[in-house]
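Source file: protein13.txt. Holds: compact mmCIF, C-alpha atoms.
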# COMPACT_ATOMS: atom_id res chain seq x y z
CA MET D 24 131.59 126.87 -46.84
CA PHE D 25 128.71 127.67 -44.50
CA ASP D 26 130.83 127.51 -41.36
CA LEU D 27 129.01 128.91 -38.34
CA SER D 28 131.71 128.21 -35.73
CA GLY D 29 131.62 130.85 -33.03
CA LYS D 30 128.13 132.03 -33.98
CA ALA D 31 125.13 131.80 -31.69
CA ALA D 32 121.67 131.13 -33.09
CA LEU D 33 118.23 131.28 -31.53
CA VAL D 34 115.64 129.08 -33.24
CA THR D 35 112.04 129.54 -32.19
CA GLY D 36 109.64 126.64 -32.43
CA ALA D 37 112.52 124.19 -32.22
CA SER D 38 110.24 121.52 -30.76
CA GLY D 39 108.53 121.20 -34.13
CA GLY D 40 109.66 119.30 -37.20
CA ILE D 41 110.99 122.25 -39.20
CA GLY D 42 112.43 124.14 -36.22
CA GLY D 43 114.23 121.04 -35.02
CA ALA D 44 115.72 120.48 -38.46
CA VAL D 45 116.86 124.11 -38.64
CA ALA D 46 118.51 123.81 -35.23
CA ARG D 47 120.28 120.59 -36.28
CA ALA D 48 121.54 122.19 -39.50
CA LEU D 49 122.92 125.29 -37.77
CA HIS D 50 124.41 123.23 -34.95
CA GLY D 51 125.96 120.84 -37.46
CA ALA D 52 127.73 123.81 -39.06
CA GLY D 53 129.30 124.72 -35.72
CA ALA D 54 126.82 127.21 -34.27
CA THR D 55 125.79 127.29 -30.64
CA VAL D 56 122.00 127.00 -30.64
CA GLY D 57 119.27 128.26 -28.36
CA LEU D 58 116.24 126.01 -28.65
CA HIS D 59 113.00 127.81 -28.05
CA GLY D 60 109.60 126.20 -27.70
CA THR D 61 106.69 125.87 -25.36
CA ARG D 62 106.84 122.10 -24.85
CA GLU D 63 110.02 121.54 -22.87
CA ALA D 64 110.36 117.74 -23.14
CA PRO D 65 111.09 117.66 -26.89
CA LEU D 66 113.49 120.58 -26.48
CA HIS D 67 115.47 118.72 -23.83
CA ASP D 68 115.48 115.62 -26.04
CA LEU D 69 116.87 117.68 -28.92
CA ALA D 70 119.45 119.36 -26.66
CA ARG D 71 120.61 115.93 -25.47
CA GLU D 72 120.84 114.70 -29.06
CA LEU D 73 122.93 117.73 -30.06
CA GLY D 74 125.18 117.49 -26.98
CA GLU D 75 127.38 120.50 -26.45
CA ARG D 76 126.50 124.00 -27.67
CA ALA D 77 122.72 123.56 -27.15
CA HIS D 78 120.57 125.52 -24.71
CA VAL D 79 116.88 125.11 -23.95
CA LEU D 80 115.01 128.44 -23.77
CA PRO D 81 111.28 127.99 -23.22
CA CYS D 82 109.05 131.04 -23.62
CA ASP D 83 105.41 131.85 -24.25
CA LEU D 84 105.50 134.00 -27.39
CA GLY D 85 101.97 135.19 -26.64
CA ASP D 86 103.42 137.10 -23.69
CA ALA D 87 104.83 140.40 -24.98
CA ASP D 88 107.29 141.02 -22.13
CA ALA D 89 108.56 137.45 -22.05
CA THR D 90 109.02 137.55 -25.83
CA ALA D 91 110.98 140.81 -25.73
CA ALA D 92 113.19 139.31 -23.01
CA LEU D 93 113.96 136.07 -24.87
CA PRO D 94 116.85 137.41 -27.00
CA GLY D 95 118.48 138.73 -23.81
CA ARG D 96 118.15 135.30 -22.22
CA ALA D 97 119.72 133.81 -25.33
CA VAL D 98 122.69 136.18 -25.01
CA GLU D 99 123.07 135.23 -21.33
CA ALA D 100 123.08 131.56 -22.20
CA MET D 101 125.26 131.71 -25.31
CA GLY D 102 127.35 134.89 -24.96
CA SER D 103 125.91 136.57 -28.06
CA LEU D 104 123.06 136.33 -30.53
CA ASP D 105 124.19 136.44 -34.13
CA ILE D 106 121.44 134.50 -35.88
CA LEU D 107 117.71 134.61 -35.18
CA VAL D 108 115.40 132.15 -36.88
CA ASN D 109 111.75 133.07 -36.38
CA ASN D 110 110.16 129.73 -37.06
CA ALA D 111 107.52 129.40 -34.35
CA GLY D 112 103.97 129.62 -35.60
CA ILE D 113 100.47 128.38 -35.11
CA THR D 114 97.44 127.79 -37.31
CA ARG D 115 93.79 128.31 -36.45
CA ASP D 116 92.22 127.32 -39.75
CA GLY D 117 88.65 128.07 -40.72
CA LEU D 118 86.67 129.68 -43.49
CA MET D 119 86.55 133.44 -43.21
CA MET D 120 82.75 133.54 -42.89
CA ARG D 121 83.10 131.69 -39.61
CA MET D 122 86.44 133.00 -38.36
CA THR D 123 86.41 134.60 -34.92
CA ASP D 124 88.40 137.68 -33.97
CA GLU D 125 90.24 135.49 -31.47
CA ASP D 126 91.43 133.03 -34.12
CA TRP D 127 92.48 135.89 -36.36
CA GLN D 128 94.34 137.71 -33.60
CA ALA D 129 96.05 134.66 -32.09
CA VAL D 130 97.57 133.78 -35.48
CA LEU D 131 98.68 137.36 -36.14
CA ASP D 132 100.18 137.62 -32.63
CA LEU D 133 102.20 134.41 -32.76
CA ASN D 134 103.28 134.39 -36.40
CA LEU D 135 103.87 138.08 -37.00
CA THR D 136 104.00 140.21 -33.85
CA ALA D 137 106.20 137.79 -31.90
CA ALA D 138 108.71 137.72 -34.77
CA MET D 139 108.77 141.53 -34.75
CA ARG D 140 109.36 141.66 -30.99
CA LEU D 141 112.13 139.07 -31.16
CA SER D 142 113.96 140.70 -34.02
CA ARG D 143 113.65 144.17 -32.47
CA ALA D 144 115.22 142.90 -29.27
CA ALA D 145 117.90 140.92 -31.12
CA LEU D 146 118.91 143.83 -33.36
CA ARG D 147 120.79 145.79 -30.76
CA GLY D 148 123.57 143.26 -30.35
CA MET D 149 123.69 142.65 -34.09
CA MET D 150 124.00 146.41 -34.74
CA LYS D 151 126.92 146.62 -32.35
CA ALA D 152 128.56 143.56 -33.84
CA ARG D 153 127.98 144.87 -37.37
CA TRP D 154 126.89 141.36 -38.28
CA GLY D 155 123.60 139.55 -38.00
CA ARG D 156 121.24 137.16 -39.69
CA ILE D 157 117.48 137.13 -39.29
CA VAL D 158 115.68 134.32 -41.05
CA ASN D 159 111.90 134.32 -40.97
CA VAL D 160 110.07 131.14 -41.84
CA THR D 161 107.00 132.13 -43.82
CA SER D 162 104.90 129.87 -46.03
CA ILE D 163 103.90 129.29 -49.61
CA VAL D 164 100.39 130.36 -48.59
CA GLY D 165 101.68 133.85 -47.76
CA ALA D 166 102.27 134.26 -51.49
CA THR D 167 99.47 132.15 -52.98
CA GLY D 168 96.74 132.32 -50.34
CA ASN D 169 94.83 129.25 -49.20
CA ALA D 170 91.15 128.79 -48.54
CA GLY D 171 90.64 128.27 -44.83
CA GLN D 172 93.88 130.00 -43.87
CA ALA D 173 93.12 133.69 -44.32
CA ASN D 174 94.61 134.53 -40.93
CA TYR D 175 97.74 132.42 -41.47
CA ALA D 176 98.27 133.72 -45.03
CA ALA D 177 97.83 137.31 -43.84
CA ALA D 178 100.37 136.80 -41.05
CA LYS D 179 102.91 135.17 -43.38
CA ALA D 180 102.48 137.81 -46.09
CA GLY D 181 102.83 140.42 -43.35
CA LEU D 182 106.03 138.80 -42.16
CA THR D 183 107.39 138.96 -45.71
CA GLY D 184 106.70 142.70 -45.99
CA TYR D 185 108.12 143.23 -42.54
CA SER D 186 111.30 141.41 -43.51
CA LYS D 187 111.80 143.50 -46.64
CA SER D 188 111.41 146.76 -44.69
CA LEU D 189 113.72 145.71 -41.89
CA ALA D 190 116.22 144.43 -44.45
CA GLN D 191 116.45 147.95 -45.89
CA GLU D 192 116.85 149.53 -42.47
CA VAL D 193 119.76 147.40 -41.30
CA ALA D 194 121.56 146.39 -44.50
CA SER D 195 124.30 148.98 -43.93
CA ARG D 196 125.19 147.26 -40.66
CA GLY D 197 125.94 143.86 -42.13
CA ILE D 198 122.63 142.44 -41.01
CA THR D 199 120.52 140.50 -43.48
CA VAL D 200 116.83 139.70 -43.16
CA ASN D 201 115.39 136.97 -45.35
CA CYS D 202 112.47 134.58 -45.53
CA ILE D 203 112.12 130.90 -46.26
CA ALA D 204 108.73 129.95 -47.64
CA PRO D 205 108.20 126.20 -47.27
CA GLY D 206 105.58 124.39 -49.30
CA PHE D 207 104.26 121.07 -48.01
CA ILE D 208 106.81 119.64 -45.62
CA ALA D 209 106.37 116.21 -44.01
CA THR D 210 105.91 116.86 -40.28
CA ALA D 211 103.62 115.66 -37.52
CA MET D 212 101.08 118.14 -38.87
CA THR D 213 100.97 116.70 -42.39
CA ASP D 214 100.98 113.11 -41.06
CA LYS D 215 97.39 113.71 -40.02
CA LEU D 216 96.20 114.15 -43.62
CA ASN D 217 94.20 111.28 -45.09
CA GLU D 218 95.01 109.57 -48.39
CA ALA D 219 92.58 111.68 -50.42
CA GLN D 220 93.97 114.94 -49.02
CA ARG D 221 97.48 113.72 -49.57
CA GLY D 222 96.71 112.75 -53.17
CA ALA D 223 95.20 116.15 -53.91
CA ILE D 224 98.29 117.90 -52.59
CA MET D 225 100.71 115.65 -54.48
CA ALA D 226 98.94 116.42 -57.75
CA GLN D 227 99.94 120.06 -57.31
CA ILE D 228 103.62 119.39 -56.63
CA PRO D 229 105.77 118.90 -59.75
CA MET D 230 108.37 117.12 -57.62
CA GLY D 231 105.70 114.56 -56.69
CA ARG D 232 106.60 114.39 -53.01
CA MET D 233 106.46 116.37 -49.82
CA GLY D 234 109.54 118.19 -48.67
CA ALA D 235 111.66 116.98 -45.77
CA PRO D 236 112.34 119.23 -42.77
CA ASP D 237 116.08 118.88 -43.53
CA GLU D 238 115.48 120.68 -46.80
CA ILE D 239 114.27 123.70 -44.85
CA GLY D 240 117.22 123.32 -42.47
CA ALA D 241 119.60 123.51 -45.43
CA ALA D 242 117.92 126.70 -46.69
CA ALA D 243 118.22 128.25 -43.23
CA LEU D 244 121.88 127.27 -43.03
CA TYR D 245 122.59 129.00 -46.32
CA LEU D 246 120.78 132.22 -45.37
CA ALA D 247 122.50 132.25 -41.96
CA SER D 248 125.94 131.71 -43.42
CA PRO D 249 128.62 134.33 -44.11
CA GLU D 250 128.40 133.30 -47.79
CA ALA D 251 124.83 134.68 -48.02
CA GLY D 252 125.99 138.15 -47.00
CA TYR D 253 124.78 139.75 -50.24
CA VAL D 254 121.29 138.23 -50.01
CA THR D 255 118.77 140.34 -48.13
CA GLY D 256 115.06 141.00 -48.31
CA ALA D 257 114.70 137.81 -50.31
CA THR D 258 112.37 134.86 -49.99
CA LEU D 259 113.76 131.43 -50.69
CA HIS D 260 110.88 129.22 -51.84
CA VAL D 261 111.33 125.57 -50.95
CA ASN D 262 108.22 123.93 -52.31
CA GLY D 263 109.05 121.25 -54.89
CA GLY D 264 107.88 123.56 -57.66
CA MET D 265 104.36 123.88 -56.25
CA ALA D 266 104.48 127.62 -56.88
CA MET D 267 107.25 129.12 -58.99
CA LEU D 268 107.61 132.64 -57.70
CA MET H 24 127.20 163.98 -11.68
CA SER H 25 128.95 167.21 -12.69
CA GLU H 26 128.21 168.96 -15.96
CA ASN H 27 131.74 168.33 -17.18
CA ASP H 28 131.41 164.68 -16.36
CA ILE H 29 128.26 164.41 -18.50
CA GLU H 30 129.98 166.18 -21.36
CA THR H 31 132.97 163.86 -21.18
CA ARG H 32 130.84 160.75 -21.16
CA VAL H 33 128.63 161.93 -24.03
CA ARG H 34 131.73 162.85 -26.07
CA LYS H 35 133.23 159.42 -25.42
CA ILE H 36 130.09 157.69 -26.72
CA VAL H 37 129.99 159.87 -29.83
CA VAL H 38 133.70 159.35 -30.57
CA GLU H 39 133.46 155.60 -30.11
CA HIS H 40 130.25 155.19 -32.03
CA LEU H 41 130.91 157.44 -34.99
CA GLY H 42 134.67 156.91 -35.11
CA VAL H 43 135.45 160.62 -35.26
CA GLU H 44 138.30 162.67 -33.75
CA GLU H 45 137.56 164.04 -30.31
CA ASP H 46 138.22 167.64 -31.33
CA LYS H 47 135.53 167.40 -34.04
CA VAL H 48 132.89 166.86 -31.37
CA THR H 49 132.19 170.51 -30.59
CA GLU H 50 129.08 172.01 -29.08
CA ASN H 51 127.52 172.88 -32.43
CA ALA H 52 128.66 169.78 -34.28
CA SER H 53 125.67 168.18 -35.99
CA PHE H 54 125.71 164.39 -35.80
CA ILE H 55 124.45 164.03 -39.33
CA ASP H 56 125.92 167.06 -41.13
CA ASP H 57 129.31 167.31 -39.40
CA LEU H 58 130.04 163.92 -37.87
CA GLY H 59 128.89 161.64 -40.68
CA ALA H 60 126.06 159.91 -38.84
CA ASP H 61 123.13 158.37 -40.72
CA SER H 62 119.61 158.05 -39.32
CA LEU H 63 120.36 154.65 -37.84
CA ASP H 64 123.44 156.06 -36.08
CA THR H 65 121.31 158.73 -34.42
CA VAL H 66 118.95 156.05 -33.12
CA GLU H 67 121.90 154.07 -31.82
CA LEU H 68 123.39 157.15 -30.16
CA VAL H 69 120.14 157.94 -28.37
CA MET H 70 119.92 154.32 -27.18
CA ALA H 71 123.53 154.50 -25.99
CA PHE H 72 122.80 157.71 -24.05
CA GLU H 73 119.77 156.06 -22.46
CA GLU H 74 121.87 153.13 -21.38
CA GLU H 75 124.81 155.20 -20.12
CA PHE H 76 122.73 157.62 -18.05
CA GLY H 77 119.81 155.37 -17.10
CA ILE H 78 117.28 157.71 -18.63
CA GLU H 79 114.53 157.39 -21.19
CA ILE H 80 114.54 159.71 -24.18
CA PRO H 81 111.13 159.74 -25.88
CA ASP H 82 110.99 159.87 -29.69
CA ASP H 83 109.82 163.47 -29.89
CA ALA H 84 112.72 164.55 -27.68
CA ALA H 85 115.17 162.39 -29.63
CA GLU H 86 114.23 164.26 -32.80
CA THR H 87 115.37 167.54 -31.24
CA ILE H 88 118.81 166.16 -30.43
CA GLN H 89 120.69 167.17 -33.57
CA THR H 90 124.04 168.32 -32.21
CA PHE H 91 126.48 167.31 -29.50
CA GLY H 92 125.38 170.38 -27.52
CA ASP H 93 121.71 169.34 -27.83
CA ALA H 94 122.54 165.92 -26.40
CA VAL H 95 124.54 167.28 -23.46
CA LYS H 96 121.83 169.80 -22.62
CA TYR H 97 119.04 167.23 -22.80
CA ILE H 98 120.91 164.78 -20.60
CA LYS H 99 121.87 167.45 -18.03
CA ASP H 100 118.18 168.32 -17.69
CA ALA H 101 117.11 164.69 -17.56
CA VAL H 102 119.48 163.21 -14.98
Now, as a test, write the supplied structure out as structure tokens.
Amino acid sequence: MFDLSGKAALVTGASGGIGGAVARALHGAGATVGLHGTREAPLHDLARELGERAHVLPCDLGDADATAALPGRAVEAMGSLDILVNNAGITRDGLMMRMTDEDWQAVLDLNLTAAMRLSRAALRGMMKARWGRIVNVTSIVGATGNAGQANYAAAKAGLTGYSKSLAQEVASRGITVNCIAPGFIATAMTDKLNEAQRGAIMAQIPMGRMGAPDEIGAAALYLASPEAGYVTGATLHVNGGMAML
Amino acid sequence: MSENDIETRVRKIVVEHLGVEEDKVTENASFIDDLGADSLDTVELVMAFEEEFGIEIPDDAAETIQTFGDAVKYIKDAV
């Protein structure tokens, strides 16, 4: 089950906790992986850890042309592009009353528009191959909202609607488009929370703990697998029961 | 590029992409009504023509390309 031998996957934001775990999961199932990020050092570290079948593909996803060209670079490096995981994202948190246009736009550009550009460019090869998997990493806040994250929640909800529309367009070609909506996952970002913040979050999670990046990797592996071929336009919520949607 | 050459290359793309018999691809054959294409196929065909002939077919022009003959005529004018 979940054998990805012979498949090539591009994972954006692979220098982060969740992206790295997704890349490890896909690679562990036999896929060749393209590791995208902006910080090259952690990508090279991850590529070394994975050994064979790992390629480092840095790119600034704020640059429209470079973003549109990234799937082509992935094909050059790996021979094909069968699986695209749009995981890269940024936050620029702040209450709406004080949010600048720049902070709004930067979050929309990186979390939503870049994912659109990457999937549009990746689709051509998938259409020809009559097989493809696009997995978009969204967030629990795209469904529930979160004070201080209006821009991020809007981008993630937008990505969900985008995924459902694209899923309908390409379903007849054997291409699925799905989302994973993580809740609180223990990463470098959540390590910065203090005890009080941590306690407040835990009180909302029935499972009583944060998720591990591997648990997102496992979800991505399932959605990327041949076995998930009948699942499209769906969101897989991985949040310890924090929101049961 | 001769006119016959264009016709041959366009027919080859249509046959390969839609999996139809060559003799079905006549001048008045509609991609959707006669050759079994869906809307996504027509987009793919236009993109394949663009690639094959190194041209750009804008959306409003693409909408007018309904038949094999339309495609050949448009490409002859464009190259």
What are the nearest atom pairs, with distances in Å to one decimal, for all residues of chain H that come at most 12 Å from chain D, using all atoms listed in the file, set out by chain and rising residue number as CSV?
residue,atom,partner,partner_atom,distance
H:Glu39,CA,D:Lys151,CA,11.3
H:His40,CA,D:Lys151,CA,9.2
H:Leu41,CA,D:Lys151,CA,11.8
H:Asp61,CA,D:Ser195,CA,10.0
H:Ser62,CA,D:Glu192,CA,9.5
H:Leu63,CA,D:Glu192,CA,7.7
H:Asp64,CA,D:Met150,CA,9.8
H:Val66,CA,D:Arg147,CA,10.7
H:Glu67,CA,D:Arg147,CA,8.4
H:Leu68,CA,D:Lys151,CA,11.3
H:Met70,CA,D:Arg147,CA,9.3
H:Ala71,CA,D:Arg147,CA,10.3
H:Glu74,CA,D:Arg147,CA,12.0
Suppose we keep C-alpha atoms; can you now write the selection as a CSV table (one decimal), in the frame of the given file?
chain,number,residue,atom,x,y,z
H,39,GLU,CA,133.5,155.6,-30.1
H,40,HIS,CA,130.2,155.2,-32.0
H,41,LEU,CA,130.9,157.4,-35.0
H,61,ASP,CA,123.1,158.4,-40.7
H,62,SER,CA,119.6,158.0,-39.3
H,63,LEU,CA,120.4,154.6,-37.8
H,64,ASP,CA,123.4,156.1,-36.1
H,66,VAL,CA,119.0,156.0,-33.1
H,67,GLU,CA,121.9,154.1,-31.8
H,68,LEU,CA,123.4,157.2,-30.2
H,70,MET,CA,119.9,154.3,-27.2
H,71,ALA,CA,123.5,154.5,-26.0
H,74,GLU,CA,121.9,153.1,-21.4
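The shortest atom-to-atom distance to Ile88 (chain H), with only C-alpha atoms taken into account, belongs to H:Val69 out of H:Val48, H:Val102, H:Val69, H:Val37.
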Problem - Top pick for closest residue to Asp46 (chain H), considering H:Phe76, H:Ile98, H:Thr65, H:Phe91 and counting all atoms listed in the file - result: H:Phe91
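Across the structure, CA of Gly60 (chain D) and CA of Gly112 (chain D) are spaced 10.3 Å apart.
Minimum distance to Thr213 (chain D) across D:Gly197, D:Gly95, D:Pro236, D:Pro229 (counting only C-alpha atoms) occurs at D:Pro236.
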Handout entry: Non-local contacts of Asp124 (chain D) (10 Å; all atoms listed in the file; under 4 positions in same chain excluded) as number ranges by chain
Key = D: 128-129, 174
Padding 3 Å on each side, edges along x, y and z: where is the centre of the box around the listed atoms of region 145-155 of chain D, and how long are its edges in Å to one decimal? Output it as JSON.
{"center_x": 123.2, "center_y": 143.1, "center_z": -34.3, "size_x": 16.7, "size_y": 13.1, "size_z": 13.9}
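One distance worth recording is that between CA of Thr90 (chain D) and CA of Leu141 (chain D), which is 6.4 Å.
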Problem - Best match for closeness to Thr35 (chain D) among D:Ala219, D:Ala251, D:Cys82, D:Met225, counting all atoms listed in the file - result: D:Cys82
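The coordinates place CA of Val164 (chain D) at 5.3 Å from CA of Ala176 (chain D).
Counting all atoms listed in the file and comparing D:Glu218, D:Asp237, D:Glu63, D:Asp116, the residue that lies closest to Leu80 (chain D) is D:Glu63.
Checking D:Trp154, D:Trp127, D:Tyr245, D:Tyr175 one by one against Ile203 (chain D), counting all atoms listed in the file, you find the shortest gap at D:Tyr245.
The environment of region 256-261 of chain D within 6 Å, counting only C-alpha atoms and disregarding residues fewer than 4 places along the same chain, consists of Lys187, Ala190, Val200, Asn201, Cys202, Ile203, Ala204 and Pro205 of chain D.
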Handout entry: Near-Leu66 (chain D) list (10 Å; only C-alpha atoms; drop same-chain fewer than 3 positions) as an MDAnalysis selection string
Key = chainID D and resid 36:39 43 57:63 69:72 77:81
